[in-house]
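File shown here: upload_2.txt, holding compact mmCIF, C-alpha atoms.
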# COMPACT_ATOMS: atom_id res chain seq x y z
CA MET J 1 82.80 58.50 147.68
CA ARG J 2 85.28 55.84 146.59
CA PRO J 3 87.68 54.65 149.33
CA ALA J 4 91.41 54.83 148.62
CA SER J 5 94.08 52.34 149.61
CA ALA J 6 96.11 53.12 152.72
CA SER J 7 99.37 51.88 151.19
CA ILE J 8 99.16 51.82 147.39
CA ALA J 9 96.81 54.04 145.40
CA PRO J 10 94.34 51.75 143.56
CA GLU J 11 95.09 53.51 140.25
CA GLY J 12 98.50 51.83 140.32
CA PHE J 13 97.28 48.22 140.57
CA PRO J 14 96.63 47.59 136.83
CA LEU J 15 100.05 48.92 135.81
CA LEU J 16 101.81 47.03 138.61
CA ALA J 17 100.04 43.80 137.61
CA LEU J 18 101.05 44.28 133.96
CA LEU J 19 104.70 44.93 134.85
CA ALA J 20 104.79 41.94 137.21
CA LEU J 21 103.36 39.70 134.48
CA CYS J 22 105.91 40.96 131.96
CA ALA J 23 108.75 40.36 134.41
CA LEU J 24 107.59 36.77 135.02
CA CYS J 25 107.29 36.09 131.28
CA PHE J 26 110.74 37.52 130.52
CA ALA J 27 112.24 35.58 133.42
CA ALA J 28 110.65 32.34 132.13
CA LEU J 29 112.17 33.03 128.70
CA ASP J 30 115.54 33.68 130.38
CA TRP J 31 115.69 37.23 129.03
CA GLU J 32 117.75 38.63 131.86
CA ALA J 33 118.24 42.18 130.58
CA ALA J 34 114.54 42.65 129.78
CA THR J 35 113.57 41.20 133.17
CA VAL J 36 115.84 43.65 135.00
CA ILE J 37 114.51 46.62 133.03
CA VAL J 38 110.88 45.68 133.74
CA LEU J 39 111.64 45.17 137.44
CA VAL J 40 113.19 48.64 137.61
CA PHE J 41 109.97 50.09 136.14
CA PHE J 42 107.94 47.96 138.56
CA PHE J 43 109.69 49.33 141.63
CA PHE J 44 109.55 52.90 140.29
CA THR J 45 105.80 52.52 139.73
CA LEU J 46 105.37 50.98 143.18
CA HIS J 47 107.20 53.97 144.68
CA PHE J 48 105.16 56.47 142.67
CA PHE J 49 101.76 55.06 143.65
CA ARG J 50 102.56 54.75 147.36
CA ASP J 51 99.89 56.22 149.61
CA PRO J 52 101.23 56.53 153.18
CA GLU J 53 99.11 57.49 156.16
CA ARG J 54 99.66 60.99 157.52
CA VAL J 55 99.36 62.63 160.94
CA VAL J 56 96.74 65.33 160.37
CA PRO J 57 97.10 68.31 162.76
CA HIS J 58 94.12 69.20 164.94
CA GLY J 59 92.92 72.64 165.90
CA LYS J 60 90.75 75.36 164.43
CA GLY J 61 91.90 77.84 161.84
CA LEU J 62 94.41 75.56 160.09
CA ALA J 63 94.71 74.48 156.47
CA VAL J 64 97.05 71.63 155.52
CA SER J 65 98.86 71.09 152.26
CA PRO J 66 96.78 69.38 149.55
CA ALA J 67 99.92 67.83 148.04
CA ASP J 68 103.44 66.60 148.72
CA GLY J 69 106.13 68.71 147.14
CA ARG J 70 107.83 72.09 147.20
CA ILE J 71 106.30 75.55 147.55
CA ILE J 72 107.08 77.40 144.32
CA ARG J 73 104.73 80.38 144.49
CA ILE J 74 102.88 82.51 147.07
CA GLU J 75 101.08 85.45 145.49
CA LYS J 76 97.75 87.15 144.88
CA ARG J 77 95.94 85.61 141.92
CA PRO J 78 92.33 85.61 140.67
CA ASP J 79 90.40 82.59 141.90
CA PRO J 80 89.63 80.47 138.79
CA LEU J 81 86.06 79.81 140.00
CA ASP J 82 84.85 83.28 140.98
CA GLY J 83 87.54 85.72 139.84
CA GLU J 84 88.16 87.10 143.34
CA MET J 85 91.76 88.04 144.14
CA ARG J 86 93.07 85.64 146.76
CA THR J 87 96.42 84.49 148.09
CA CYS J 88 97.46 81.46 146.03
CA ILE J 89 99.98 78.90 147.32
CA SER J 90 101.39 76.57 144.65
CA VAL J 91 102.83 73.15 145.54
CA PHE J 92 104.93 71.51 142.82
CA MET J 93 105.18 67.69 142.78
CA ASN J 94 108.00 65.93 140.99
CA VAL J 95 107.83 62.28 139.92
CA PHE J 96 109.35 61.13 143.23
CA ASN J 97 106.69 62.74 145.45
CA VAL J 98 103.54 61.04 146.70
CA HIS J 99 100.82 62.07 144.23
CA VAL J 100 97.72 61.36 146.31
CA ASN J 101 96.04 64.69 147.14
CA ARG J 102 94.30 65.51 150.44
CA CYS J 103 91.74 68.09 151.55
CA PRO J 104 93.28 71.22 153.09
CA VAL J 105 90.24 71.77 155.34
CA GLY J 106 87.05 70.01 156.33
CA GLY J 107 83.80 70.95 154.64
CA THR J 108 81.42 70.27 151.77
CA VAL J 109 82.47 70.03 148.12
CA THR J 110 80.22 72.55 146.39
CA ASP J 111 81.73 72.66 142.89
CA VAL J 112 84.05 70.52 140.75
CA ARG J 113 85.14 71.68 137.30
CA TYR J 114 87.36 69.59 135.03
CA HIS J 115 89.17 71.20 132.09
CA PRO J 116 91.04 69.12 129.48
CA GLY J 117 94.18 70.77 128.19
CA LYS J 118 97.86 70.65 127.36
CA PHE J 119 100.78 69.28 129.36
CA ILE J 120 103.15 72.22 129.85
CA ASN J 121 105.67 72.04 132.69
CA ALA J 122 103.50 72.51 135.81
CA SER J 123 105.94 75.01 137.34
CA PHE J 124 105.16 77.57 134.59
CA ASP J 125 102.48 80.25 135.17
CA LYS J 126 100.67 79.41 131.94
CA ALA J 127 100.09 75.84 133.12
CA SER J 128 97.26 77.11 135.36
CA GLU J 129 95.35 78.26 132.26
CA HIS J 130 96.38 75.83 129.51
CA ASN J 131 97.05 72.45 131.18
CA GLU J 132 94.63 69.67 132.04
CA ARG J 133 93.24 70.66 135.45
CA CYS J 134 90.45 70.12 137.92
CA ALA J 135 89.23 72.97 140.16
CA TRP J 136 87.51 72.17 143.45
CA ARG J 137 85.43 74.51 145.62
CA MET J 138 84.88 73.56 149.26
CA THR J 139 82.88 75.46 151.88
CA ASP J 140 84.20 74.95 155.40
CA GLU J 141 82.22 74.82 158.65
CA GLU J 142 82.40 78.62 158.98
CA GLY J 143 81.04 79.14 155.47
CA LYS J 144 84.39 80.26 154.02
CA PRO J 145 85.13 79.31 150.39
CA TRP J 146 88.29 77.34 149.59
CA THR J 147 89.47 76.65 146.05
CA PHE J 148 92.16 74.12 145.17
CA VAL J 149 93.20 73.20 141.65
CA GLN J 150 94.92 70.02 140.48
CA ILE J 151 97.09 70.83 137.46
CA ALA J 152 98.58 68.08 135.30
CA GLY J 153 102.24 68.55 134.43
CA LEU J 154 104.73 67.76 131.70
CA VAL J 155 104.63 64.00 132.34
CA ALA J 156 101.17 63.71 133.92
CA ARG J 157 98.36 62.55 131.67
CA ARG J 158 95.40 62.04 133.98
CA ILE J 159 93.76 63.65 136.99
CA VAL J 160 91.84 61.09 139.04
CA PRO J 161 89.10 62.37 141.40
CA HIS J 162 88.06 60.35 144.46
CA ALA J 163 85.26 62.73 145.52
CA GLU J 164 82.39 64.55 143.87
CA GLN J 165 80.12 67.52 144.39
CA GLY J 166 78.07 67.20 147.57
CA ASP J 167 80.59 65.06 149.47
CA VAL J 168 81.42 66.09 153.03
CA LEU J 169 85.15 65.62 153.66
CA VAL J 170 87.40 66.11 156.66
CA ARG J 171 90.78 67.82 156.83
CA GLY J 172 93.50 65.55 155.44
CA GLN J 173 91.10 63.17 153.67
CA ARG J 174 92.08 61.91 150.22
CA PHE J 175 90.13 63.56 147.39
CA GLY J 176 92.13 62.46 144.32
CA MET J 177 95.51 62.15 142.67
CA ILE J 178 97.49 63.19 139.60
CA ARG J 179 99.57 60.66 137.74
CA PHE J 180 103.25 61.66 137.57
CA GLY J 181 104.72 65.22 137.82
CA SER J 182 102.18 67.97 138.52
CA ARG J 183 101.03 70.87 140.76
CA VAL J 184 98.24 71.84 143.17
CA ASP J 185 97.23 75.47 143.79
CA LEU J 186 95.42 76.44 146.99
CA TYR J 187 93.45 79.73 147.09
CA LEU J 188 92.95 81.07 150.61
CA PRO J 189 89.71 82.73 151.74
CA GLU J 190 89.66 86.09 153.46
CA GLY J 191 90.99 85.89 157.01
CA TYR J 192 93.75 83.34 156.29
CA ASP J 193 97.46 83.92 155.68
CA SER J 194 100.22 81.69 154.36
CA ALA J 195 102.22 79.78 156.99
CA VAL J 196 104.96 78.59 154.59
CA HIS J 197 107.74 80.09 152.49
CA ILE J 198 108.94 79.56 148.93
CA GLY J 199 111.24 76.57 148.62
CA GLN J 200 109.77 74.80 151.65
CA THR J 201 109.01 71.08 151.35
CA VAL J 202 105.54 70.05 152.51
CA LEU J 203 103.54 66.85 153.03
CA ALA J 204 99.91 66.41 151.98
CA GLY J 205 97.50 66.31 154.89
CA GLN J 206 100.22 66.97 157.44
CA SER J 207 102.09 70.24 156.80
CA VAL J 208 100.20 73.41 157.81
CA LEU J 209 99.99 75.69 154.75
CA ALA J 210 97.83 78.49 156.14
CA ARG J 211 96.48 79.81 159.42
CA ARG J 212 93.54 81.97 160.30
CA VAL J 213 94.52 85.50 161.20
CA GLU J 214 93.26 86.28 164.68
CA PRO J 215 91.97 89.84 165.12
CA GLN J 216 93.88 92.01 167.58
CA THR J 217 92.20 92.30 170.94
CA ALA J 218 90.81 95.66 171.97
CA GLY J 219 93.41 97.89 173.55
CA SER J 220 96.36 96.15 171.86
CA THR J 221 99.02 98.23 170.16
CA ALA J 222 100.46 97.53 166.72
CA ASP J 223 103.28 95.46 168.21
CA GLY J 224 100.86 93.37 170.24
CA ARG J 225 101.55 94.89 173.69
CA GLU J 226 98.75 96.02 175.98

Could you render the structure from this file as structure tokens?
Amino acid sequence: MRPASASIAPEGFPLLALLALCALCFAALDWEAATVIVLVFFFFTLHFFRDPERVVPHGKGLAVSPADGRIIRIEKRPDPLDGEMRTCISVFMNVFNVHVNRCPVGGTVTDVRYHPGKFINASFDKASEHNERCAWRMTDEEGKPWTFVQIAGLVARRIVPHAEQGDVLVRGQRFGMIRFGSRVDLYLPEGYDSAVHIGQTVLAGQSVLARRVEPQTAGSTADGRE
């Protein structure tokens, strides 16, 4: 398990170093316009690769968002790993969102499947089948299967995993990132329902995306009264 930076994702360091070097060289040559342009790219890159700490909610029966962004889809879809129909919640990340992804629940990574592919706009349905993507299967402490899929977008060109099969992760822990605009789909196991709505903005590792459905107690009526 490779540790991730708490402030800047390590994947951003090489690009930041290159841009800083270019800015210094252009400044030394007194190329003001070029220096300004490179500095703009430097600060954009610094903003993109930020990796802030998050307040992870405690409590049983909760699943947090695996990504920063906006909820664009909540619907039944076949799980890409086993074909079972499950509720799928899609979180779309634009280039201004934090792109470090976090585990929705705690458990053991039991399967990781990477698929190279195209770079269609991640908000389109066909992106889940044709784009570069990485599907993760995690089994939680209760033995329930969770699937989450990183999908590269129109601008994204690389999915970067921080974990691997066999790793035991906790809720809200970093497991990877996607460079530039992209999407993460979360497939809920039986017994969990969505706790968000379409258009809602969520934060990775902090916003509750799903909750376990508690069975009605014996003697309760349909509206919950005794």

With 6 Å as the cut-off and all atoms listed in the file counted, what is the closest atom pair between each nearby residue of stretch 62-155 of chain J and stretch 179-192 of chain J? Distances in Å to one decimal, ordered by chain and number, as JSON lines.
{"residue": "J:Arg86", "atom": "CA", "partner": "J:Tyr187", "partner_atom": "CA", "distance": 5.9}
{"residue": "J:Thr87", "atom": "CA", "partner": "J:Leu188", "partner_atom": "CA", "distance": 5.5}
{"residue": "J:Cys88", "atom": "CA", "partner": "J:Tyr187", "partner_atom": "CA", "distance": 4.5}
{"residue": "J:Ile89", "atom": "CA", "partner": "J:Leu186", "partner_atom": "CA", "distance": 5.2}
{"residue": "J:Ser90", "atom": "CA", "partner": "J:Asp185", "partner_atom": "CA", "distance": 4.4}
{"residue": "J:Val91", "atom": "CA", "partner": "J:Val184", "partner_atom": "CA", "distance": 5.3}
{"residue": "J:Phe92", "atom": "CA", "partner": "J:Arg183", "partner_atom": "CA", "distance": 4.5}
{"residue": "J:Met93", "atom": "CA", "partner": "J:Ser182", "partner_atom": "CA", "distance": 5.2}
{"residue": "J:Asn94", "atom": "CA", "partner": "J:Gly181", "partner_atom": "CA", "distance": 4.6}
{"residue": "J:Val95", "atom": "CA", "partner": "J:Gly181", "partner_atom": "CA", "distance": 4.8}
{"residue": "J:Ala122", "atom": "CA", "partner": "J:Ser182", "partner_atom": "CA", "distance": 5.4}
{"residue": "J:Pro145", "atom": "CA", "partner": "J:Pro189", "partner_atom": "CA", "distance": 5.9}
{"residue": "J:Trp146", "atom": "CA", "partner": "J:Pro189", "partner_atom": "CA", "distance": 6.0}
{"residue": "J:Thr147", "atom": "CA", "partner": "J:Tyr187", "partner_atom": "CA", "distance": 5.1}
{"residue": "J:Phe148", "atom": "CA", "partner": "J:Leu186", "partner_atom": "CA", "distance": 4.4}
{"residue": "J:Val149", "atom": "CA", "partner": "J:Asp185", "partner_atom": "CA", "distance": 5.1}
{"residue": "J:Gln150", "atom": "CA", "partner": "J:Val184", "partner_atom": "CA", "distance": 4.6}
{"residue": "J:Ile151", "atom": "CA", "partner": "J:Arg183", "partner_atom": "CA", "distance": 5.1}
{"residue": "J:Ala152", "atom": "CA", "partner": "J:Ser182", "partner_atom": "CA", "distance": 4.8}
{"residue": "J:Gly153", "atom": "CA", "partner": "J:Ser182", "partner_atom": "CA", "distance": 4.1}
{"residue": "J:Val155", "atom": "CA", "partner": "J:Gly181", "partner_atom": "CA", "distance": 5.6}

Store the residues of this selection in a file with C-alpha atoms, as a compact mmCIF listing (two decimals), in the coordinates of the input.
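So the final result, stored in again_9.txt, reads:
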# COMPACT_ATOMS: atom_id res chain seq x y z
CA ARG J 86 93.07 85.64 146.76
CA THR J 87 96.42 84.49 148.09
CA CYS J 88 97.46 81.46 146.03
CA ILE J 89 99.98 78.90 147.32
CA SER J 90 101.39 76.57 144.65
CA VAL J 91 102.83 73.15 145.54
CA PHE J 92 104.93 71.51 142.82
CA MET J 93 105.18 67.69 142.78
CA ASN J 94 108.00 65.93 140.99
CA VAL J 95 107.83 62.28 139.92
CA ALA J 122 103.50 72.51 135.81
CA PRO J 145 85.13 79.31 150.39
CA TRP J 146 88.29 77.34 149.59
CA THR J 147 89.47 76.65 146.05
CA PHE J 148 92.16 74.12 145.17
CA VAL J 149 93.20 73.20 141.65
CA GLN J 150 94.92 70.02 140.48
CA ILE J 151 97.09 70.83 137.46
CA ALA J 152 98.58 68.08 135.30
CA GLY J 153 102.24 68.55 134.43
CA VAL J 155 104.63 64.00 132.34

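Near stretch 193-198 of chain J, within 9 Å and counting only C-alpha atoms, sit J:Arg70, J:Ile71, J:Ile72, J:Arg73, J:Ile74, J:Thr87, J:Cys88, J:Ile89, J:Leu188, J:Val208, J:Leu209, J:Ala210, J:Arg211, J:Arg212, J:Val213, not including residues fewer than 5 positions from it in the same chain.
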
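Every protein or nucleic acid residue with an atom no more than 9 Å from stretch 13-29 of chain J, counting only C-alpha atoms and leaving out same-chain residues fewer than 2 positions away, appears here: J:Ile8, J:Ala9, J:Pro10, J:Glu11, J:Trp31, J:Glu32, J:Ala33, J:Ala34, J:Thr35, J:Val36, J:Ile37, J:Val38, J:Leu39, J:Phe41, J:Phe42, J:Phe43, J:Thr45, J:Leu46, J:Phe49.
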
Residue nearest J:Leu62 among J:Val105, J:Val40, J:Arg133, J:Pro161 (counting all atoms listed in the file):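 Closest candidate: J:Val105.
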
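Going from atom CA of J:Met177 over to atom CA of J:Leu81, you cover 20.2 Å.
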
Kindly indicate which residue among J:Val100, J:Ala67, J:Val56, J:Met85 lies nearest to J:Gly12, using only C-alpha atoms for the distances.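 Using only C-alpha atoms, J:Gly12 sits closest to J:Val100.
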
Could you list as JSON, numbers by chain every residue that has an atom within 7 Å of (91.2, 74.0, 158.7), using the file's coordinates and counting all atoms listed in the file? {"J": [60, 61, 62, 63, 104, 105, 106, 171]}

Quick one: residues within 10 Å of J:Val168, all atoms listed in the file, excluding same-chain residues fewer than 6 positions away - as a list in words? Met1, Gly106, Gly107, Thr108, Val109, Thr110, Met138, Thr139 and Asp140 of chain J

From the options J:Arg113, J:Arg158, J:Arg54, J:Lys144, which residue's atoms come nearest to J:Asp68, counting all atoms listed in the file? J:Arg54

Choose the residue, out of J:Glu84, J:Glu141, J:Ser65, J:His99, that has the smallest atom-to-atom separation from J:His47; count all atoms listed in the file. J:His99

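In this structure, atom CA of J:Arg137 sits 15.7 Å away from atom CA of J:Arg77.
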
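The gap separating atom CA of J:Pro66 from atom CA of J:Gly199 is 16.2 Å, in Å to one decimal.
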
Quick one: stretch 14-50 of chain J with N, CA and C atoms, as a PDB file, in the coordinates of the input?
ATOM      1  N   PRO J  14      96.573  48.179 138.182  1.00  0.00           N
ATOM      2  CA  PRO J  14      96.630  47.590 136.830  1.00  0.00           C
ATOM      3  C   PRO J  14      98.039  47.650 136.226  1.00  0.00           C
ATOM      4  N   LEU J  15      98.711  48.782 136.380  1.00  0.00           N
ATOM      5  CA  LEU J  15     100.050  48.920 135.810  1.00  0.00           C
ATOM      6  C   LEU J  15     101.042  48.012 136.527  1.00  0.00           C
ATOM      7  N   LEU J  16     100.927  47.909 137.851  1.00  0.00           N
ATOM      8  CA  LEU J  16     101.810  47.030 138.610  1.00  0.00           C
ATOM      9  C   LEU J  16     101.592  45.572 138.215  1.00  0.00           C
ATOM     10  N   ALA J  17     100.338  45.182 138.013  1.00  0.00           N
ATOM     11  CA  ALA J  17     100.040  43.800 137.610  1.00  0.00           C
ATOM     12  C   ALA J  17     100.627  43.500 136.231  1.00  0.00           C
ATOM     13  N   LEU J  18     100.498  44.471 135.313  1.00  0.00           N
ATOM     14  CA  LEU J  18     101.050  44.280 133.960  1.00  0.00           C
ATOM     15  C   LEU J  18     102.564  44.136 133.998  1.00  0.00           C
ATOM     16  N   LEU J  19     103.237  44.997 134.756  1.00  0.00           N
ATOM     17  CA  LEU J  19     104.700  44.930 134.850  1.00  0.00           C
ATOM     18  C   LEU J  19     105.152  43.640 135.515  1.00  0.00           C
ATOM     19  N   ALA J  20     104.434  43.198 136.535  1.00  0.00           N
ATOM     20  CA  ALA J  20     104.790  41.940 137.210  1.00  0.00           C
ATOM     21  C   ALA J  20     104.643  40.764 136.254  1.00  0.00           C
ATOM     22  N   LEU J  21     103.576  40.773 135.462  1.00  0.00           N
ATOM     23  CA  LEU J  21     103.360  39.700 134.480  1.00  0.00           C
ATOM     24  C   LEU J  21     104.466  39.692 133.435  1.00  0.00           C
ATOM     25  N   CYS J  22     104.836  40.877 132.953  1.00  0.00           N
ATOM     26  CA  CYS J  22     105.910  40.960 131.960  1.00  0.00           C
ATOM     27  C   CYS J  22     107.231  40.453 132.533  1.00  0.00           C
ATOM     28  N   ALA J  23     107.518  40.805 133.784  1.00  0.00           N
ATOM     29  CA  ALA J  23     108.750  40.360 134.410  1.00  0.00           C
ATOM     30  C   ALA J  23     108.790  38.832 134.533  1.00  0.00           C
ATOM     31  N   LEU J  24     107.659  38.231 134.900  1.00  0.00           N
ATOM     32  CA  LEU J  24     107.590  36.770 135.020  1.00  0.00           C
ATOM     33  C   LEU J  24     107.777  36.097 133.659  1.00  0.00           C
ATOM     34  N   CYS J  25     107.162  36.668 132.624  1.00  0.00           N
ATOM     35  CA  CYS J  25     107.290  36.090 131.280  1.00  0.00           C
ATOM     36  C   CYS J  25     108.730  36.184 130.781  1.00  0.00           C
ATOM     37  N   PHE J  26     109.359  37.353 130.971  1.00  0.00           N
ATOM     38  CA  PHE J  26     110.740  37.520 130.520  1.00  0.00           C
ATOM     39  C   PHE J  26     111.689  36.613 131.304  1.00  0.00           C
ATOM     40  N   ALA J  27     111.402  36.461 132.604  1.00  0.00           N
ATOM     41  CA  ALA J  27     112.240  35.580 133.420  1.00  0.00           C
ATOM     42  C   ALA J  27     112.104  34.133 132.948  1.00  0.00           C
ATOM     43  N   ALA J  28     110.880  33.704 132.607  1.00  0.00           N
ATOM     44  CA  ALA J  28     110.650  32.340 132.130  1.00  0.00           C
ATOM     45  C   ALA J  28     111.359  32.092 130.797  1.00  0.00           C
ATOM     46  N   LEU J  29     111.475  33.151 129.982  1.00  0.00           N
ATOM     47  CA  LEU J  29     112.170  33.030 128.700  1.00  0.00           C
ATOM     48  C   LEU J  29     113.675  33.225 128.840  1.00  0.00           C
ATOM     49  N   ASP J  30     114.116  33.484 130.082  1.00  0.00           N
ATOM     50  CA  ASP J  30     115.540  33.680 130.380  1.00  0.00           C
ATOM     51  C   ASP J  30     116.102  34.918 129.693  1.00  0.00           C
ATOM     52  N   TRP J  31     115.247  35.949 129.576  1.00  0.00           N
ATOM     53  CA  TRP J  31     115.690  37.230 129.030  1.00  0.00           C
ATOM     54  C   TRP J  31     116.092  38.134 130.195  1.00  0.00           C
ATOM     55  N   GLU J  32     117.317  37.975 130.622  1.00  0.00           N
ATOM     56  CA  GLU J  32     117.750  38.630 131.860  1.00  0.00           C
ATOM     57  C   GLU J  32     117.692  40.164 131.779  1.00  0.00           C
ATOM     58  N   ALA J  33     118.204  40.725 130.705  1.00  0.00           N
ATOM     59  CA  ALA J  33     118.240  42.180 130.580  1.00  0.00           C
ATOM     60  C   ALA J  33     116.822  42.769 130.591  1.00  0.00           C
ATOM     61  N   ALA J  34     115.920  42.163 129.841  1.00  0.00           N
ATOM     62  CA  ALA J  34     114.540  42.650 129.780  1.00  0.00           C
ATOM     63  C   ALA J  34     113.867  42.509 131.144  1.00  0.00           C
ATOM     64  N   THR J  35     114.156  41.414 131.834  1.00  0.00           N
ATOM     65  CA  THR J  35     113.570  41.200 133.170  1.00  0.00           C
ATOM     66  C   THR J  35     114.017  42.289 134.132  1.00  0.00           C
ATOM     67  N   VAL J  36     115.314  42.613 134.103  1.00  0.00           N
ATOM     68  CA  VAL J  36     115.840  43.650 135.000  1.00  0.00           C
ATOM     69  C   VAL J  36     115.214  45.000 134.699  1.00  0.00           C
ATOM     70  N   ILE J  37     115.092  45.327 133.422  1.00  0.00           N
ATOM     71  CA  ILE J  37     114.510  46.620 133.030  1.00  0.00           C
ATOM     72  C   ILE J  37     113.062  46.725 133.516  1.00  0.00           C
ATOM     73  N   VAL J  38     112.289  45.671 133.308  1.00  0.00           N
ATOM     74  CA  VAL J  38     110.880  45.680 133.740  1.00  0.00           C
ATOM     75  C   VAL J  38     110.781  45.774 135.257  1.00  0.00           C
ATOM     76  N   LEU J  39     111.664  45.095 135.979  1.00  0.00           N
ATOM     77  CA  LEU J  39     111.640  45.170 137.440  1.00  0.00           C
ATOM     78  C   LEU J  39     111.963  46.574 137.940  1.00  0.00           C
ATOM     79  N   VAL J  40     112.874  47.258 137.239  1.00  0.00           N
ATOM     80  CA  VAL J  40     113.190  48.640 137.610  1.00  0.00           C
ATOM     81  C   VAL J  40     111.938  49.508 137.462  1.00  0.00           C
ATOM     82  N   PHE J  41     111.215  49.337 136.342  1.00  0.00           N
ATOM     83  CA  PHE J  41     109.970  50.090 136.140  1.00  0.00           C
ATOM     84  C   PHE J  41     108.918  49.700 137.176  1.00  0.00           C
ATOM     85  N   PHE J  42     108.904  48.422 137.559  1.00  0.00           N
ATOM     86  CA  PHE J  42     107.940  47.960 138.560  1.00  0.00           C
ATOM     87  C   PHE J  42     108.160  48.664 139.895  1.00  0.00           C
ATOM     88  N   PHE J  43     109.412  48.713 140.339  1.00  0.00           N
ATOM     89  CA  PHE J  43     109.690  49.330 141.630  1.00  0.00           C
ATOM     90  C   PHE J  43     109.522  50.856 141.584  1.00  0.00           C
ATOM     91  N   PHE J  44     109.806  51.470 140.439  1.00  0.00           N
ATOM     92  CA  PHE J  44     109.550  52.900 140.290  1.00  0.00           C
ATOM     93  C   PHE J  44     108.048  53.170 140.383  1.00  0.00           C
ATOM     94  N   THR J  45     107.252  52.352 139.695  1.00  0.00           N
ATOM     95  CA  THR J  45     105.800  52.520 139.730  1.00  0.00           C
ATOM     96  C   THR J  45     105.254  52.275 141.125  1.00  0.00           C
ATOM     97  N   LEU J  46     105.784  51.265 141.812  1.00  0.00           N
ATOM     98  CA  LEU J  46     105.370  50.980 143.180  1.00  0.00           C
ATOM     99  C   LEU J  46     105.659  52.178 144.081  1.00  0.00           C
ATOM    100  N   HIS J  47     106.819  52.789 143.883  1.00  0.00           N
ATOM    101  CA  HIS J  47     107.200  53.970 144.680  1.00  0.00           C
ATOM    102  C   HIS J  47     106.295  55.146 144.350  1.00  0.00           C
ATOM    103  N   PHE J  48     105.978  55.330 143.082  1.00  0.00           N
ATOM    104  CA  PHE J  48     105.160  56.470 142.670  1.00  0.00           C
ATOM    105  C   PHE J  48     103.758  56.389 143.244  1.00  0.00           C
ATOM    106  N   PHE J  49     103.147  55.213 143.225  1.00  0.00           N
ATOM    107  CA  PHE J  49     101.760  55.060 143.650  1.00  0.00           C
ATOM    108  C   PHE J  49     101.622  54.771 145.154  1.00  0.00           C
ATOM    109  N   ARG J  50     102.680  54.963 145.913  1.00  0.00           N
ATOM    110  CA  ARG J  50     102.560  54.750 147.360  1.00  0.00           C
ATOM    111  C   ARG J  50     101.584  55.776 147.941  1.00  0.00           C
TER     112      ARG J  50
END
